[in-house]
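*Asks:* File input11.cif below, mmCIF, C-alpha atoms:
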```
data_run
#
loop_
_atom_site.label_atom_id
_atom_site.label_comp_id
_atom_site.auth_asym_id
_atom_site.auth_seq_id
_atom_site.Cartn_x
_atom_site.Cartn_y
_atom_site.Cartn_z
CA MET A 366 136.98 105.92 89.25
CA ALA A 367 133.52 106.90 90.52
CA LYS A 368 131.74 104.22 92.52
CA ILE A 369 128.69 102.84 90.73
CA ILE A 370 125.59 103.51 92.80
CA ASN A 371 123.20 100.61 93.27
CA PRO A 372 120.03 101.95 91.60
CA PHE A 373 117.65 99.76 93.62
CA ILE A 374 117.22 101.79 96.79
CA VAL A 375 115.65 100.01 99.77
CA THR A 376 116.25 102.46 102.63
CA GLY A 377 116.24 106.21 103.10
CA LYS A 378 115.24 108.89 100.66
CA ILE A 379 114.92 107.93 96.99
CA ALA A 380 116.27 110.39 94.42
CA PRO A 381 113.81 111.06 91.54
CA GLU A 382 115.91 109.09 89.00
CA TYR A 383 115.60 105.94 91.15
CA PHE A 384 111.90 106.42 91.90
CA CYS A 385 109.68 104.22 89.77
CA ASP A 386 106.41 105.60 88.41
CA ARG A 387 103.71 106.64 90.96
CA VAL A 388 103.02 109.55 88.59
CA SER A 389 99.23 109.64 89.10
CA GLU A 390 99.51 108.87 92.84
CA SER A 391 102.04 111.66 93.51
CA ALA A 392 99.95 114.12 91.45
CA ARG A 393 96.87 113.12 93.44
CA LEU A 394 98.66 113.50 96.80
CA VAL A 395 100.09 116.92 95.91
CA LYS A 396 96.74 118.15 94.54
CA SER A 397 94.84 116.95 97.60
CA VAL A 398 97.00 118.54 100.30
CA THR A 399 97.80 121.76 98.41
CA ASN A 400 94.05 122.28 97.93
CA GLY A 401 93.43 122.19 101.66
CA ASN A 402 92.29 118.58 102.02
CA ASN A 403 93.44 115.78 104.29
CA LEU A 404 94.36 112.48 102.64
CA VAL A 405 94.22 108.80 103.62
CA VAL A 406 96.86 106.58 101.95
CA ILE A 407 96.20 102.85 102.31
CA SER A 408 98.61 100.20 101.08
CA PRO A 409 100.22 96.97 102.28
CA ARG A 410 103.30 97.51 104.44
CA ARG A 411 106.45 98.27 102.42
CA MET A 412 104.53 98.96 99.22
CA GLY A 413 106.10 102.43 99.07
CA LYS A 414 103.85 104.72 101.17
CA THR A 415 106.78 106.38 102.96
CA GLY A 416 108.78 106.78 99.75
CA LEU A 417 105.78 108.34 97.98
CA ILE A 418 105.16 110.86 100.78
CA GLN A 419 108.86 111.86 101.02
CA PHE A 420 109.02 112.10 97.21
CA CYS A 421 106.05 114.51 97.22
CA TYR A 422 107.53 116.49 100.12
CA ASP A 423 110.53 117.23 97.88
CA LYS A 424 108.40 118.63 95.05
CA PRO A 425 108.74 122.44 94.86
CA GLU A 426 104.99 123.07 95.25
CA ILE A 427 105.22 121.43 98.70
CA GLY A 428 108.89 121.76 99.74
CA LYS A 429 109.03 125.53 99.16
CA GLU A 430 105.56 126.42 100.40
CA TYR A 431 105.03 124.21 103.47
CA TYR A 432 106.69 122.94 106.62
CA THR A 433 106.54 119.13 106.29
CA PHE A 434 106.59 116.57 109.09
CA PHE A 435 106.52 112.77 109.07
CA ILE A 436 106.06 110.38 112.02
CA ASP A 437 105.75 106.60 112.01
CA ILE A 438 103.64 105.51 115.00
CA LEU A 439 103.72 101.73 114.39
CA HIS A 440 105.67 101.07 117.59
CA THR A 441 103.76 103.49 119.80
CA SER A 442 101.27 102.20 122.35
CA SER A 443 99.88 105.30 124.07
CA LEU A 444 98.87 108.93 123.57
CA ARG A 445 101.99 109.94 125.50
CA GLU A 446 104.28 108.23 122.96
CA PHE A 447 102.31 109.73 120.08
CA THR A 448 102.62 113.25 121.56
CA TYR A 449 106.33 112.76 122.25
CA LEU A 450 107.07 111.63 118.66
CA LEU A 451 105.03 114.46 117.14
CA GLY A 452 106.68 117.11 119.35
CA ARG A 453 110.19 115.84 118.64
CA GLU A 454 109.62 115.61 114.88
CA ILE A 455 108.22 119.16 114.68
CA TYR A 456 111.01 120.67 116.75
CA GLU A 457 113.89 118.79 115.07
CA THR A 458 112.54 119.52 111.57
CA LEU A 459 112.12 123.23 112.22
CA LEU A 460 115.33 123.88 114.15
CA PRO A 461 117.63 123.92 111.08
CA ARG A 462 115.01 125.68 108.93
CA SER A 463 113.72 128.48 111.14
CA ARG A 464 115.27 129.70 114.39
CA LYS A 465 112.21 131.90 114.89
CA MET A 466 109.85 128.90 114.70
CA ALA A 467 112.09 126.79 116.96
CA THR A 468 112.06 129.55 119.60
CA LEU A 469 108.27 129.90 119.26
CA PHE A 470 107.98 126.14 119.86
CA ILE A 471 109.62 126.44 123.28
CA GLN A 472 107.49 129.47 124.16
CA THR A 473 104.25 127.70 123.16
CA ILE A 474 104.88 124.18 124.54
CA LYS A 475 104.99 125.38 128.13
CA SER A 476 104.15 121.99 129.65
CA ILE A 477 107.59 120.58 128.67
CA SER A 478 109.71 123.63 127.72
CA GLY A 479 111.36 123.66 131.15
CA LYS A 480 112.80 120.21 130.33
CA PHE A 481 114.72 121.39 127.24
CA GLY A 482 118.50 121.40 127.43
CA PHE A 483 120.92 123.59 125.46
CA ASP A 484 123.36 122.58 122.76
CA PRO A 485 126.71 124.11 123.86
CA ILE A 486 127.91 124.46 120.26
CA THR A 487 124.88 126.12 118.63
CA ASN A 488 123.58 127.67 121.88
CA LEU A 489 120.12 126.55 120.80
CA PRO A 490 117.65 124.53 122.89
CA ALA A 491 117.93 120.76 122.26
CA PHE A 492 114.99 118.35 122.34
CA ASN A 493 116.40 116.07 125.00
CA VAL A 494 112.99 115.65 126.62
CA GLU A 495 112.33 112.17 128.01
CA LEU A 496 109.08 110.33 127.42
CA GLY A 497 108.34 110.53 131.14
CA ASP A 498 108.61 114.34 131.03
CA ILE A 499 105.26 114.47 129.24
CA GLU A 500 103.06 114.28 132.31
CA ARG A 501 99.78 115.38 130.71
CA PRO A 502 99.89 114.30 127.07
CA GLU A 503 96.45 115.68 126.13
CA TYR A 504 97.56 119.12 127.41
CA THR A 505 100.92 118.95 125.56
CA LEU A 506 99.12 117.80 122.40
CA ASP A 507 96.80 120.80 122.64
CA GLU A 508 99.86 123.09 122.84
CA ILE A 509 101.43 121.38 119.79
CA PHE A 510 98.30 122.04 117.73
CA GLN A 511 98.20 125.66 118.96
CA TYR A 512 101.81 125.98 117.82
CA LEU A 513 101.03 124.57 114.35
CA SER A 514 98.18 127.08 113.99
CA HIS A 515 100.68 129.94 114.60
CA ALA A 516 103.36 128.69 112.19
CA ASP A 517 104.52 131.28 109.64
CA LYS A 518 103.93 128.79 106.81
CA PRO A 519 101.18 126.19 106.31
CA CYS A 520 102.11 122.71 107.58
CA ILE A 521 101.66 119.17 106.30
CA VAL A 522 101.81 116.39 108.89
CA ALA A 523 102.03 112.77 107.70
CA ILE A 524 101.24 110.08 110.27
CA ASP A 525 102.30 106.61 109.13
CA GLU A 526 100.55 103.47 110.45
CA PHE A 527 97.74 105.72 111.68
CA GLN A 528 95.52 102.73 112.57
CA GLN A 529 97.74 102.28 115.64
CA ILE A 530 95.83 105.01 117.52
CA ALA A 531 92.79 102.70 117.65
CA LYS A 532 94.88 100.30 119.79
CA TYR A 533 95.85 102.85 122.47
CA PRO A 534 94.45 102.14 125.94
CA GLU A 535 93.14 105.70 126.40
CA LYS A 536 89.51 106.25 125.44
CA ASN A 537 88.29 108.60 122.69
CA ILE A 538 91.73 109.21 121.11
CA GLU A 539 90.16 109.30 117.63
CA ALA A 540 87.64 111.92 118.75
CA LEU A 541 90.35 113.98 120.49
CA LEU A 542 92.61 114.02 117.40
CA ARG A 543 89.69 114.63 115.06
CA THR A 544 88.70 117.72 117.07
CA HIS A 545 92.25 119.13 116.95
CA ILE A 546 92.62 118.38 113.23
CA GLN A 547 89.21 119.90 112.41
CA ARG A 548 90.27 123.17 114.04
CA SER A 549 93.66 123.24 112.27
CA GLU A 550 93.23 125.83 109.54
CA ASN A 551 96.98 126.09 108.97
CA SER A 552 97.75 122.33 108.78
CA HIS A 553 96.81 119.47 106.48
CA PHE A 554 97.22 115.81 107.35
CA ILE A 555 98.17 112.62 105.54
CA PHE A 556 96.98 109.49 107.35
CA ALA A 557 98.89 106.48 106.00
CA GLY A 558 98.14 102.94 107.06
CA SER A 559 98.83 99.34 106.10
CA GLU A 560 96.04 97.54 107.98
CA ARG A 561 93.45 97.98 105.27
CA HIS A 562 90.35 96.79 107.15
CA MET A 563 91.14 99.02 110.17
CA MET A 564 91.87 102.11 108.07
CA GLN A 565 88.69 101.66 106.04
CA GLU A 566 86.69 101.18 109.22
CA MET A 567 88.16 104.39 110.73
CA PHE A 568 87.43 106.58 107.70
CA ALA A 569 84.39 104.90 106.10
CA SER A 570 82.26 104.01 109.12
CA ALA A 571 79.63 106.62 110.04
CA ALA A 572 80.06 105.70 113.72
CA ARG A 573 83.74 106.77 113.83
CA PRO A 574 85.04 110.36 114.39
CA PHE A 575 87.16 110.42 111.19
CA TYR A 576 84.22 109.41 108.96
CA HIS A 577 84.51 111.13 105.54
CA SER A 578 87.11 113.57 106.87
CA ALA A 579 89.74 112.92 104.17
CA ASP A 580 90.23 111.95 100.53
CA MET A 581 91.15 108.28 99.98
CA LEU A 582 94.11 106.98 97.96
CA GLU A 583 94.78 103.25 97.75
CA LEU A 584 98.33 102.43 96.72
CA LYS A 585 98.41 99.32 94.56
CA ALA A 586 101.32 97.52 92.90
CA ILE A 587 103.20 99.44 90.18
CA PRO A 588 102.03 97.89 86.87
CA ALA A 589 104.39 95.24 85.45
CA GLU A 590 104.62 97.04 82.08
CA ILE A 591 106.18 100.03 83.89
CA TYR A 592 108.20 98.25 86.59
CA ILE A 593 109.92 95.63 84.37
CA PRO A 594 111.47 98.14 81.87
CA PHE A 595 112.49 100.33 84.85
CA ILE A 596 114.56 97.44 86.29
CA VAL A 597 115.98 96.29 82.94
CA GLY A 598 116.91 99.91 82.08
CA HIS A 599 118.84 100.46 85.33
CA PHE A 600 120.91 97.31 84.71
CA GLU A 601 121.63 98.37 81.10
CA ARG A 602 122.59 101.93 82.03
CA ARG A 603 125.28 100.47 84.27
CA ASN A 604 126.70 98.10 81.64
CA ARG A 605 124.94 94.96 82.92
CA SER A 606 122.14 92.96 81.37
CA ILE A 607 119.08 91.12 82.66
CA ALA A 608 116.31 89.30 80.78
CA ALA A 609 112.90 90.98 81.03
CA VAL A 610 111.33 87.53 81.40
CA ASP A 611 113.39 86.93 84.59
CA VAL A 612 112.33 90.30 86.02
CA GLU A 613 108.73 89.33 85.23
CA LYS A 614 109.15 86.13 87.27
CA VAL A 615 110.24 88.14 90.33
CA TYR A 616 107.37 90.60 89.81
CA ALA A 617 104.87 87.71 89.71
CA LEU A 618 106.47 85.93 92.66
CA PHE A 619 106.07 89.00 94.90
CA GLN A 620 102.82 90.13 93.22
CA GLY A 621 104.30 93.53 92.50
CA HIS A 622 105.30 94.16 96.13
CA THR A 623 107.70 97.12 95.85
CA TYR A 624 110.04 96.49 98.78
CA TYR A 625 110.75 92.82 98.03
CA ILE A 626 111.25 93.47 94.31
CA GLN A 627 113.65 96.32 95.08
CA LYS A 628 115.48 94.20 97.68
CA THR A 629 115.81 91.27 95.25
CA PHE A 630 117.33 93.46 92.55
CA ASN A 631 119.44 95.45 95.00
CA GLU A 632 121.19 92.21 95.95
CA SER A 633 121.19 90.75 92.41
CA PHE A 634 122.72 93.95 91.03
CA ALA A 635 125.46 93.88 93.70
CA ASP A 636 126.29 90.29 92.69
CA THR A 637 126.45 91.03 88.93
CA PRO A 638 129.89 92.31 87.81
CA GLU A 639 130.02 95.06 85.19
CA GLY A 640 129.71 93.66 81.68
CA ASP A 641 127.94 90.49 82.91
CA GLU A 642 124.37 89.22 82.79
CA CYS A 643 122.27 88.87 85.93
CA THR A 644 121.13 85.24 85.73
CA LEU A 645 118.20 83.40 87.27
CA GLU A 646 120.69 81.69 89.63
CA THR A 647 121.86 85.09 90.92
CA ILE A 648 118.23 86.14 91.48
CA ARG A 649 117.38 82.85 93.22
CA ALA A 650 120.36 83.27 95.57
CA ALA A 651 119.20 86.82 96.44
CA ILE A 652 115.69 85.57 97.30
CA ASP A 653 117.07 82.65 99.36
CA ASN A 654 119.24 85.14 101.29
CA MET A 655 116.21 87.31 101.95
CA ILE A 656 114.20 84.37 103.28
CA ALA A 657 117.12 83.19 105.44
CA SER A 658 117.82 86.64 106.89
CA ASN A 659 114.19 86.94 108.04
CA ASP A 660 114.14 83.48 109.64
CA THR A 661 114.42 84.70 113.26
CA ILE A 662 111.74 87.38 112.80
CA PHE A 663 109.32 84.95 111.15
CA ARG A 664 109.86 82.30 113.83
CA GLU A 665 109.13 84.92 116.49
CA ILE A 666 105.87 85.88 114.72
CA LEU A 667 104.79 82.22 114.48
CA SER A 668 105.57 81.57 118.14
CA ASN A 669 102.86 84.11 119.06
CA VAL A 670 100.16 82.55 116.86
CA PRO A 671 97.82 79.98 118.51
CA GLU A 672 97.53 76.57 116.85
CA LYS A 673 94.10 76.95 115.16
CA GLN A 674 95.15 80.29 113.65
CA LYS A 675 98.46 78.78 112.58
CA GLU A 676 96.68 75.94 110.73
CA LEU A 677 94.62 78.46 108.75
CA LEU A 678 97.69 80.65 108.12
CA TYR A 679 99.54 77.64 106.66
CA ALA A 680 96.53 76.73 104.48
CA ILE A 681 96.29 80.26 103.06
CA ALA A 682 100.08 80.41 102.50
CA LYS A 683 99.89 77.11 100.62
CA GLU A 684 97.10 78.34 98.33
CA GLY A 685 98.66 81.77 97.74
CA GLU A 686 95.21 83.25 97.17
CA ALA A 687 92.51 81.40 99.06
CA GLU A 688 88.79 81.63 98.30
CA ARG A 689 85.76 80.20 100.12
CA ILE A 690 87.85 79.40 103.20
CA THR A 691 84.82 78.20 105.19
CA SER A 692 83.70 75.77 102.46
CA ALA A 693 83.73 72.02 103.16
CA ASP A 694 86.16 71.57 100.26
CA PHE A 695 88.76 74.03 101.66
CA ILE A 696 88.40 72.63 105.19
CA LYS A 697 88.85 69.03 104.00
CA ARG A 698 91.74 69.90 101.66
CA HIS A 699 93.72 71.44 104.52
CA SER A 700 92.53 69.15 107.36
CA LEU A 701 90.97 72.03 109.28
CA THR A 702 88.44 71.57 112.09
CA SER A 703 85.21 73.35 111.14
CA ALA A 704 83.76 76.39 109.38
CA SER A 705 83.20 78.21 112.69
CA SER A 706 86.78 77.68 113.89
CA VAL A 707 88.09 78.86 110.48
CA GLN A 708 85.87 81.95 110.77
CA SER A 709 87.15 82.89 114.24
CA ALA A 710 90.79 82.14 113.27
CA ALA A 711 90.43 84.33 110.15
CA LYS A 712 89.02 87.19 112.26
CA LYS A 713 92.04 87.04 114.61
CA LEU A 714 94.58 86.77 111.76
CA LEU A 715 92.99 89.79 110.05
CA GLU A 716 93.18 91.78 113.31
CA LYS A 717 96.89 90.91 113.59
CA ASP A 718 97.34 91.89 109.92
CA LEU A 719 98.90 88.49 109.19
CA ILE A 720 96.37 87.91 106.43
CA THR A 721 94.60 90.32 104.07
CA GLU A 722 91.16 89.95 102.54
CA ILE A 723 90.22 91.70 99.30
CA ASN A 724 86.89 90.83 97.65
CA LYS A 725 86.60 87.61 99.70
CA VAL A 726 90.05 86.43 98.57
CA PHE A 727 92.52 85.81 101.42
CA SER A 728 96.30 85.93 101.23
CA VAL A 729 99.22 86.17 103.67
CA THR A 730 99.91 89.91 104.02
CA ASP A 731 103.70 89.55 103.85
CA ARG A 732 104.57 87.67 100.65
CA LEU A 733 108.04 86.71 101.92
CA PHE A 734 106.51 85.32 105.12
CA ALA A 735 104.22 83.13 102.97
CA MET A 736 107.24 81.88 101.03
CA TRP A 737 109.12 81.17 104.28
CA ILE A 738 106.13 79.16 105.62
CA ASN A 739 105.97 77.13 102.42
CA LYS A 740 109.73 76.52 102.50
CA LEU A 741 109.36 75.33 106.09
CA TYR A 742 107.07 72.62 104.72
CA GLY A 743 109.30 71.69 101.81
CA LYS A 744 107.59 73.78 99.14
CA ASN A 745 110.05 76.00 97.28
CA PRO A 746 108.92 79.17 95.45
CA ASP A 747 107.49 78.50 91.97
CA PHE A 748 110.34 80.14 90.21
#
```
Could you take the file, read its structure, and then write that structure out as C-alpha cells?

*Replies:*
Amino acid sequence: MAKIINPFIVTGKIAPEYFCDRVSESARLVKSVTNGNNLVVISPRRMGKTGLIQFCYDKPEIGKEYYTFFIDILHTSSLREFTYLLGREIYETLLPRSRKMATLFIQTIKSISGKFGFDPITNLPAFNVELGDIERPEYTLDEIFQYLSHADKPCIVAIDEFQQIAKYPEKNIEALLRTHIQRSENSHFIFAGSERHMMQEMFASAARPFYHSADMLELKAIPAEIYIPFIVGHFERRNRSIAAVDVEKVYALFQGHTYYIQKTFNESFADTPEGDECTLETIRAAIDNMIASNDTIFREILSNVPEKQKELLYAIAKEGEAERITSADFIKRHSLTSASSVQSAAKKLLEKDLITEINKVFSVTDRLFAMWINKLYGKNPDF
C-alpha cells in the first residue's frame, strides 16, 4: 500500500499541489524578473519567501530560460562569507547542468581556481574551496560577476535575508554590490528580506546606493478564505476530516503566519488516523509541542536581551498588538519606567528584529515566541 504523504510541507521544495495560493505574487515575481527588472521581496521570516522563489524558479518561463541561483546570507558576517556562498552556489548549481559553464567558472575565477580539487569519479573539478582560500573577496566577487556576464543563458540570483549586508564590518558593501549589479546586463536579482524596516531603508532611502533600483513586493499572509479551504481539502482528500472553524482558530492564533500554520497541521495530520476527525485537542497538542521544542532557542534569545528591553518585549507580547507604547496609560499598565526608556528599548528591539512596527502598531515578530513568553507568565494561548 502506498504511503500517504503528509500534505503540509514545512521543509524543502513544495510541489505545486501542496503550494497554497500566492497566485498574484508568483505572477508578479515572474513578470518582474523576466522583463529585466530586479525585485525586492519583503515579508516576516518564515512567511514563505523561499518557497515562493523556488516555486517560481520551477515555472517553465524561468526554469527553461534562465540559470537560477539562491543563497541565504542570514548567518554570514563578512564580504568574504558572502562571496564564498555565492561562488559555491553558482558552481554547484551549474556543474550538473552545463559542463561548459562549470569549466568556464574555473577559467574565470582565477583568484581561487588553483584551490579546486577533482572528483575522482566524475573527473570534474569539485568546489572544495575553504573560506580562508578567498584572500581578496572584492577581487573574487568581481570575477564572479564577470563570469555571470559571460553565461550562455541569462541568470537570476536570489539573495535571501539581504539586509544582512548592512551589518558587515567592511565599508561601502552596498555601493560595491550596487555597482556590480548595475553593470550586470545578463543577470537579474531578487533581494529578499525579513527585517522590514532595514529593507525599506535600503531601497526607499535616497541616501542609500540601492535607492529605487528594484520593484517592491510585500508578502502578506495568505487570506483566510483561501487558506482554510486549502487545509480542510487536504484532510478530506486523504480520508480525514477537520472542522473549518478549528482551522480558523489556528489561522487567527498565528495571524496567518505560513510556517506555523503549516507546522501545526503537519503534526495534527500525522496524529489523525485515516477515517478519523482531527480534533481541537489534537491541534492543541501540536501547538504545545511546537512551543516546547523551541524552549531552548527562545531562552537563548531572552538571555541576550537587556532588562529594560525585556520588560517592553513582555508588555508587547501580552498585548499581542500594542499601540501608543510611549503613552502614560501603556507605561502604567505594564509597570514600565518612562516614555524615553520605552522609546530607546523599542529602537533596540526593532534593530534586533524581535518586534515589528506597522503603522505605529507593535507586535512580537515571531508569533510563537510571543506565545512562549505569555506561557512563561501563566497565560495560555486564547484557543

*Asks:* To one decimal place, how far is CA of Asn400 (chain A) from CA of Arg543 (chain A) in Å?

*Replies:*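 We find that CA of Asn400 (chain A) and CA of Arg543 (chain A) lie 19.3 Å from each other.
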
*Asks:* Mind telling me what the PyMOL selection byres ((chain A and resi 442-447) around 10) catches here, as a PyMOL selection string?

*Replies:* chain A and resi 436-441+448-452+496-503+505-506+524+529-536+538

*Asks:* Find the nearest atom pair between each residue of region 502-537 of chain A and region 407-428 of chain A for residues within 9 Å, count all atoms listed in the file, give distances in Å to one decimal, sort rows by chain and ascending number, and present the table as CSV.

*Replies:*
```
residue,atom,partner,partner_atom,distance
A:Ile521,CA,A:Ile427,CA,8.7
A:Ala523,CA,A:Ile418,CA,7.8
A:Asp525,CA,A:Thr415,CA,7.6
A:Glu526,CA,A:Arg410,CA,8.9
```

*Asks:* Could the residues in this selection be saved with C-alpha atoms as a PDB file, keeping the file's coordinate frame?

*Replies:*
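selection30.pdb, freshly written:
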```pdb
ATOM      1  CA  ILE A 521     101.660 119.170 106.300  1.00  0.00           C
ATOM      2  CA  ALA A 523     102.030 112.770 107.700  1.00  0.00           C
ATOM      3  CA  ASP A 525     102.300 106.610 109.130  1.00  0.00           C
ATOM      4  CA  GLU A 526     100.550 103.470 110.450  1.00  0.00           C
TER       5      GLU A 526
END
```

*Asks:* What does the structure give for the distance between CA of Gln547 (chain A) and CA of Lys429 (chain A), in Å to one decimal?

*Replies:*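 Rounded to one decimal, the two atoms are 24.5 Å apart.
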
*Asks:* Could you list as JSON, numbers by chain every residue that has an atom within 10 Å of (118.7, 115.8, 122.7), using the file's coordinates and counting only C-alpha atoms?

*Replies:* {"A": [453, 457, 481, 482, 483, 484, 490, 491, 492, 493, 494, 495]}

*Asks:* Near Cys385 (chain A), within 10 Å and counting only C-alpha atoms, which residues show up once chain neighbours fewer than 4 positions away are dropped, as a ChimeraX atom specification?

*Replies:* /A:373,379,381,417,587,591-592,595-596,623

*Asks:* By how many Å are CA of Ser549 (chain A) and CA of Asp507 (chain A) apart?

*Replies:*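 Calculated distance between CA of Ser549 (chain A) and CA of Asp507 (chain A) is 11.1 Å.
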
*Asks:* Compare A:Cys643, A:Ala735, A:Leu714, A:Ala704 by their minimum atom-to-atom distance to Glu672 (chain A), counting all atoms listed in the file, and give me the closest one.

*Replies:*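 For Glu672 (chain A), the nearest of the given residues is A:Leu714.
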
*Asks:* Around all the atoms of region 525-530 of chain A listed in the file, draw an axis-aligned box and extend it by 4 Å on each of the six sides; I want its centre and edge lengths in Å to one decimal, as lines of an AutoDock Vina configuration file.

*Replies:*
```
center_x = 98.9
center_y = 104.4
center_z = 113.3
size_x = 14.8
size_y = 12.3
size_z = 16.4
```

*Asks:* Would you mind listing what lies within 10 Å of region 513-517 of chain A as a short mmCIF file (atom, residue, chain, number, x, y, z; two decimals) with C-alpha atoms, keeping the file's coordinate frame, with all atoms listed in the file counted and same-chain residues fewer than 4 positions away left out?

*Replies:*
```
data_model
loop_
_atom_site.label_atom_id
_atom_site.label_comp_id
_atom_site.auth_asym_id
_atom_site.auth_seq_id
_atom_site.Cartn_x
_atom_site.Cartn_y
_atom_site.Cartn_z
CA TYR A 431 105.03 124.21 103.47
CA TYR A 432 106.69 122.94 106.62
CA ILE A 455 108.22 119.16 114.68
CA SER A 463 113.72 128.48 111.14
CA LYS A 465 112.21 131.90 114.89
CA MET A 466 109.85 128.90 114.70
CA LEU A 469 108.27 129.90 119.26
CA PHE A 470 107.98 126.14 119.86
CA THR A 473 104.25 127.70 123.16
CA GLU A 508 99.86 123.09 122.84
CA ILE A 509 101.43 121.38 119.79
CA ILE A 521 101.66 119.17 106.30
CA VAL A 522 101.81 116.39 108.89
CA ARG A 548 90.27 123.17 114.04
CA SER A 549 93.66 123.24 112.27
CA GLU A 550 93.23 125.83 109.54
CA ASN A 551 96.98 126.09 108.97
CA SER A 552 97.75 122.33 108.78
#
```

*Asks:* Identify which of the residues A:Gly558, A:Pro519, A:Gly685, A:Pro372 lies closest to Phe630 (chain A), counting only C-alpha atoms when measuring atom-to-atom distances.

*Replies:*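 Comparing A:Gly558, A:Pro519, A:Gly685, A:Pro372 against Phe630 (chain A), the winner is A:Pro372.
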
*Asks:* Report as an MDAnalysis selection string the residues that result from applying the PyMOL selection byres ((chain A and resi 582) around 8) to the structure here.

*Replies:* chainID A and resid 390 404:407 580:581 583:584
